[in-house]
Amino acid sequence: MEQCACVERELEKVLHRFVMYGHQSEERLDELLRSVCEIRGQLVAFGVQDADLSVLSQTMAQCCKNIKETVQMLASRHKDIHGSVSKVGKAIDRNFDAEISAVVAETVWDTPERQKYLSETIVEHLYRQGMLSVAEDLCQESGVVIDMSMKQPFLELNRILEALRMQDLRPALEWAVTNRQRLLDLNSSLEFKLHRLYFISLLSGGISNQMEALQYARHFQPFASQHQRDIQILMGSLVYLRHGIDNSPYRSLLETNQWAEICNIFTRDACALLGLSVESPLSVSFASGCMALPVLMNIKQVIEQRQCSGVWTHKDELPIEIDLGKKCWYHSVFACPILRQQTSESNPPMKLICGHVISRDALNKLTNAGKLKCPYCPMEQNPSHAKQIYF
């Protein structure tokens, strides 16, 4: 990340110079404008006939000189900014390697089937982002056919999210009421939080919304057992409605970050109901690649310098383990207690009749004459009765 920090420092310098240049330009131009307006006012008030032509000539010459100096000064400082911008480009070239083909598998997208998968992933990402017209254009150009049943959930999700960003809760509330039972099965508090936020929006309207807020409080009844404390706080805030919630102990209810929070909660729960991940697979893959790429480039450079050509022979395998952080942990990992190896698709974990789990390779090695004795029980059993475990 040091490379990113270096580029960011250069970028901050450029942005600071742009801001300073803008302020200085406005000050000098305002000063010139006032000077020209004063001269114009004098000419209108006294007339050219009454004015001393020599004095007028000197004043106009000085004004023209100031304008010329200002233009030259602004042009010179603008030229200096161009130099700073070029330094950002040099910092990028210095800290980042533009050639990454050395760590890329050339044949990763060589088949039409894989290209189709990539196009579908990009289209799904565009649907998630609400860029529907771009997704349609990509479908037409790539020949990818997306079923309407796959497209419709994203259309509804983006419609509701757009309304939430406009602080309109009605579409989200209608969706939550329609899917109430499924949300309850997920132990989701989305519907309550939507009602809570709508109640708070009524409170922010002042004493004129008091009766409407009291009537709307009936929506909290189904959630009284799970959210009793939150409901008590909301009802207690009504006491301070006449003097203003923002001047009361309940002013935290009016925090603006609640709208961003409700958007995140809706996205999470809606994706869970649709069987989708909260984040786009494309964005997750891209972020993971950005974290892994610098490490792979360094490893490749070390391998070339030490002439260890046999260390990394297959580009679909990594020469070292790259920690992407817990954010990218999506599946459980099982290590065979017998062979001390991590299981994989070709060597999956197998559950024995006794309940102990070992890898398939260990199962095959422990099998003798069609029988297997569990190394932990030890219970003798038929290895064909072992069942594969899916994570």
# chains A, B, ... in the order shown; residues from 1 in each chain; ligands from 1

call {"tool": "residues_around", "arguments": {"residues": "stretch 132-135 of chain A", "least_positions_apart": "4", "cutoff": "10 Å", "atoms": "only C-alpha atoms", "output": "list in words"}}
result
Ser119, Glu120, Ile122, Val123, Glu124, His125, Leu126, Tyr127, Arg128, Cys139, Gln140, Ile146, Lys151, Phe154, Leu155 and Asn158 of chain A

call {"tool": "write_last_selection", "arguments": {"atoms": "N, CA and C atoms", "output": "PDB file, in the first residue's frame"}}
result
ATOM      1  N   SER A 119     -19.103 -12.307 -19.276  1.00  0.00           N
ATOM      2  CA  SER A 119     -20.102 -11.326 -19.703  1.00  0.00           C
ATOM      3  C   SER A 119     -21.314 -11.336 -18.768  1.00  0.00           C
ATOM      4  N   GLU A 120     -21.751 -12.518 -18.345  1.00  0.00           N
ATOM      5  CA  GLU A 120     -22.885 -12.603 -17.429  1.00  0.00           C
ATOM      6  C   GLU A 120     -22.560 -11.975 -16.085  1.00  0.00           C
ATOM      7  N   ILE A 122     -20.426  -9.509 -15.579  1.00  0.00           N
ATOM      8  CA  ILE A 122     -20.404  -8.054 -15.770  1.00  0.00           C
ATOM      9  C   ILE A 122     -21.828  -7.509 -15.867  1.00  0.00           C
ATOM     10  N   VAL A 123     -22.701  -8.220 -16.576  1.00  0.00           N
ATOM     11  CA  VAL A 123     -24.093  -7.783 -16.709  1.00  0.00           C
ATOM     12  C   VAL A 123     -24.778  -7.758 -15.345  1.00  0.00           C
ATOM     13  N   GLU A 124     -24.551  -8.799 -14.539  1.00  0.00           N
ATOM     14  CA  GLU A 124     -25.148  -8.834 -13.202  1.00  0.00           C
ATOM     15  C   GLU A 124     -24.651  -7.667 -12.352  1.00  0.00           C
ATOM     16  N   HIS A 125     -23.359  -7.350 -12.473  1.00  0.00           N
ATOM     17  CA  HIS A 125     -22.799  -6.216 -11.729  1.00  0.00           C
ATOM     18  C   HIS A 125     -23.472  -4.908 -12.156  1.00  0.00           C
ATOM     19  N   LEU A 126     -23.676  -4.748 -13.454  1.00  0.00           N
ATOM     20  CA  LEU A 126     -24.324  -3.531 -13.951  1.00  0.00           C
ATOM     21  C   LEU A 126     -25.772  -3.438 -13.465  1.00  0.00           C
ATOM     22  N   TYR A 127     -26.458  -4.567 -13.425  1.00  0.00           N
ATOM     23  CA  TYR A 127     -27.829  -4.570 -12.898  1.00  0.00           C
ATOM     24  C   TYR A 127     -27.826  -4.169 -11.423  1.00  0.00           C
ATOM     25  N   ARG A 128     -26.865  -4.683 -10.670  1.00  0.00           N
ATOM     26  CA  ARG A 128     -26.779  -4.347  -9.250  1.00  0.00           C
ATOM     27  C   ARG A 128     -26.554  -2.846  -9.046  1.00  0.00           C
ATOM     28  N   CYS A 139     -25.473  -6.843 -23.353  1.00  0.00           N
ATOM     29  CA  CYS A 139     -26.144  -8.088 -23.735  1.00  0.00           C
ATOM     30  C   CYS A 139     -26.283  -8.187 -25.254  1.00  0.00           C
ATOM     31  N   GLN A 140     -26.634  -7.070 -25.882  1.00  0.00           N
ATOM     32  CA  GLN A 140     -26.804  -7.076 -27.339  1.00  0.00           C
ATOM     33  C   GLN A 140     -25.478  -7.299 -28.053  1.00  0.00           C
ATOM     34  N   ILE A 146     -30.174 -12.777 -21.026  1.00  0.00           N
ATOM     35  CA  ILE A 146     -30.494 -12.764 -19.596  1.00  0.00           C
ATOM     36  C   ILE A 146     -31.997 -12.942 -19.429  1.00  0.00           C
ATOM     37  N   LYS A 151     -33.563 -10.601 -14.148  1.00  0.00           N
ATOM     38  CA  LYS A 151     -33.448  -9.153 -14.241  1.00  0.00           C
ATOM     39  C   LYS A 151     -34.419  -8.432 -13.300  1.00  0.00           C
ATOM     40  N   PHE A 154     -33.465  -7.254  -9.638  1.00  0.00           N
ATOM     41  CA  PHE A 154     -32.539  -6.126  -9.606  1.00  0.00           C
ATOM     42  C   PHE A 154     -33.254  -4.822  -9.940  1.00  0.00           C
ATOM     43  N   LEU A 155     -34.224  -4.881 -10.847  1.00  0.00           N
ATOM     44  CA  LEU A 155     -34.992  -3.674 -11.178  1.00  0.00           C
ATOM     45  C   LEU A 155     -35.747  -3.177  -9.944  1.00  0.00           C
ATOM     46  N   ASN A 158     -33.221  -1.816  -7.212  1.00  0.00           N
ATOM     47  CA  ASN A 158     -32.688  -0.491  -7.522  1.00  0.00           C
ATOM     48  C   ASN A 158     -33.760   0.585  -7.412  1.00  0.00           C
TER      49      ASN A 158
END

call {"tool": "select_by_dssp", "arguments": {"residues": "stretch 145-248 of chain A", "states": "helix (DSSP H, G or I)", "output": "ChimeraX atom specification"}}
result
/A:148-165,170-178,180-185,190-203,207-223,228-240,245-247

call {"tool": "residues_around", "arguments": {"residues": "A:Asp246", "least_positions_apart": "5", "cutoff": "10 Å", "atoms": "only C-alpha atoms", "output": "PDB file with N, CA, C and O atoms, in the first residue's frame"}}
result
ATOM      1  N   LEU A 203     -41.374  13.095  13.570  1.00  0.00           N
ATOM      2  CA  LEU A 203     -40.921  13.901  14.705  1.00  0.00           C
ATOM      3  C   LEU A 203     -40.170  15.143  14.245  1.00  0.00           C
ATOM      4  O   LEU A 203     -40.291  16.219  14.837  1.00  0.00           O
ATOM      5  N   SER A 204     -39.393  14.994  13.183  1.00  0.00           N
ATOM      6  CA  SER A 204     -38.603  16.135  12.697  1.00  0.00           C
ATOM      7  C   SER A 204     -39.492  17.239  12.140  1.00  0.00           C
ATOM      8  O   SER A 204     -39.050  18.373  11.995  1.00  0.00           O
ATOM      9  N   TYR A 240     -40.875  15.997  24.208  1.00  0.00           N
ATOM     10  CA  TYR A 240     -40.061  17.162  23.845  1.00  0.00           C
ATOM     11  C   TYR A 240     -40.416  17.704  22.465  1.00  0.00           C
ATOM     12  O   TYR A 240     -39.697  18.550  21.932  1.00  0.00           O
ATOM     13  N   LEU A 241     -41.520  17.219  21.891  1.00  0.00           N
ATOM     14  CA  LEU A 241     -41.842  17.610  20.524  1.00  0.00           C
ATOM     15  C   LEU A 241     -42.164  19.103  20.431  1.00  0.00           C
ATOM     16  O   LEU A 241     -41.819  19.759  19.437  1.00  0.00           O
ATOM     17  N   ARG A 251     -31.967  14.046  20.731  1.00  0.00           N
ATOM     18  CA  ARG A 251     -31.507  14.620  19.446  1.00  0.00           C
ATOM     19  C   ARG A 251     -30.736  13.607  18.610  1.00  0.00           C
ATOM     20  O   ARG A 251     -30.588  13.786  17.400  1.00  0.00           O
ATOM     21  N   SER A 252     -30.231  12.529  19.243  1.00  0.00           N
ATOM     22  CA  SER A 252     -29.514  11.504  18.476  1.00  0.00           C
ATOM     23  C   SER A 252     -30.431  10.799  17.478  1.00  0.00           C
ATOM     24  O   SER A 252     -29.958  10.173  16.521  1.00  0.00           O
ATOM     25  N   LEU A 253     -31.764  10.883  17.705  1.00  0.00           N
ATOM     26  CA  LEU A 253     -32.711  10.261  16.774  1.00  0.00           C
ATOM     27  C   LEU A 253     -32.680  10.917  15.399  1.00  0.00           C
ATOM     28  O   LEU A 253     -33.107  10.312  14.412  1.00  0.00           O
ATOM     29  N   LEU A 254     -32.186  12.153  15.325  1.00  0.00           N
ATOM     30  CA  LEU A 254     -32.205  12.906  14.068  1.00  0.00           C
ATOM     31  C   LEU A 254     -30.897  12.801  13.291  1.00  0.00           C
ATOM     32  O   LEU A 254     -30.683  13.556  12.338  1.00  0.00           O
ATOM     33  N   GLU A 255     -30.016  11.888  13.672  1.00  0.00           N
ATOM     34  CA  GLU A 255     -28.740  11.750  12.970  1.00  0.00           C
ATOM     35  C   GLU A 255     -28.982  11.350  11.516  1.00  0.00           C
ATOM     36  O   GLU A 255     -29.791  10.470  11.216  1.00  0.00           O
TER      37      GLU A 255
END

call {"tool": "residues_around", "arguments": {"residues": "stretch 283-300 of chain A", "least_positions_apart": "3", "cutoff": "7 Å", "atoms": "only C-alpha atoms", "output": "ChimeraX atom specification"}}
result
/A:103,279-280,303-304,322,324

call {"tool": "residues_around", "arguments": {"residues": "stretch 196-201 of chain A", "least_positions_apart": "5", "cutoff": "12 Å", "atoms": "only C-alpha atoms", "output": "JSON, numbers by chain"}}
result
{"A": [164, 167, 168, 169, 170, 172, 173, 189, 190, 191, 206, 209, 210, 211, 212, 213, 214, 215, 216, 217, 218, 219, 220, 221, 223, 227, 230, 231, 232, 233, 234, 235, 237, 238, 241, 245, 246, 250, 251, 252, 253, 254, 255, 256, 257, 258, 259, 260, 261, 262, 263]}

call {"tool": "atom_distance", "arguments": {"atom1": "atom CA of A:Lys116", "atom2": "atom CA of A:Ala272"}}
result
25.4 Å
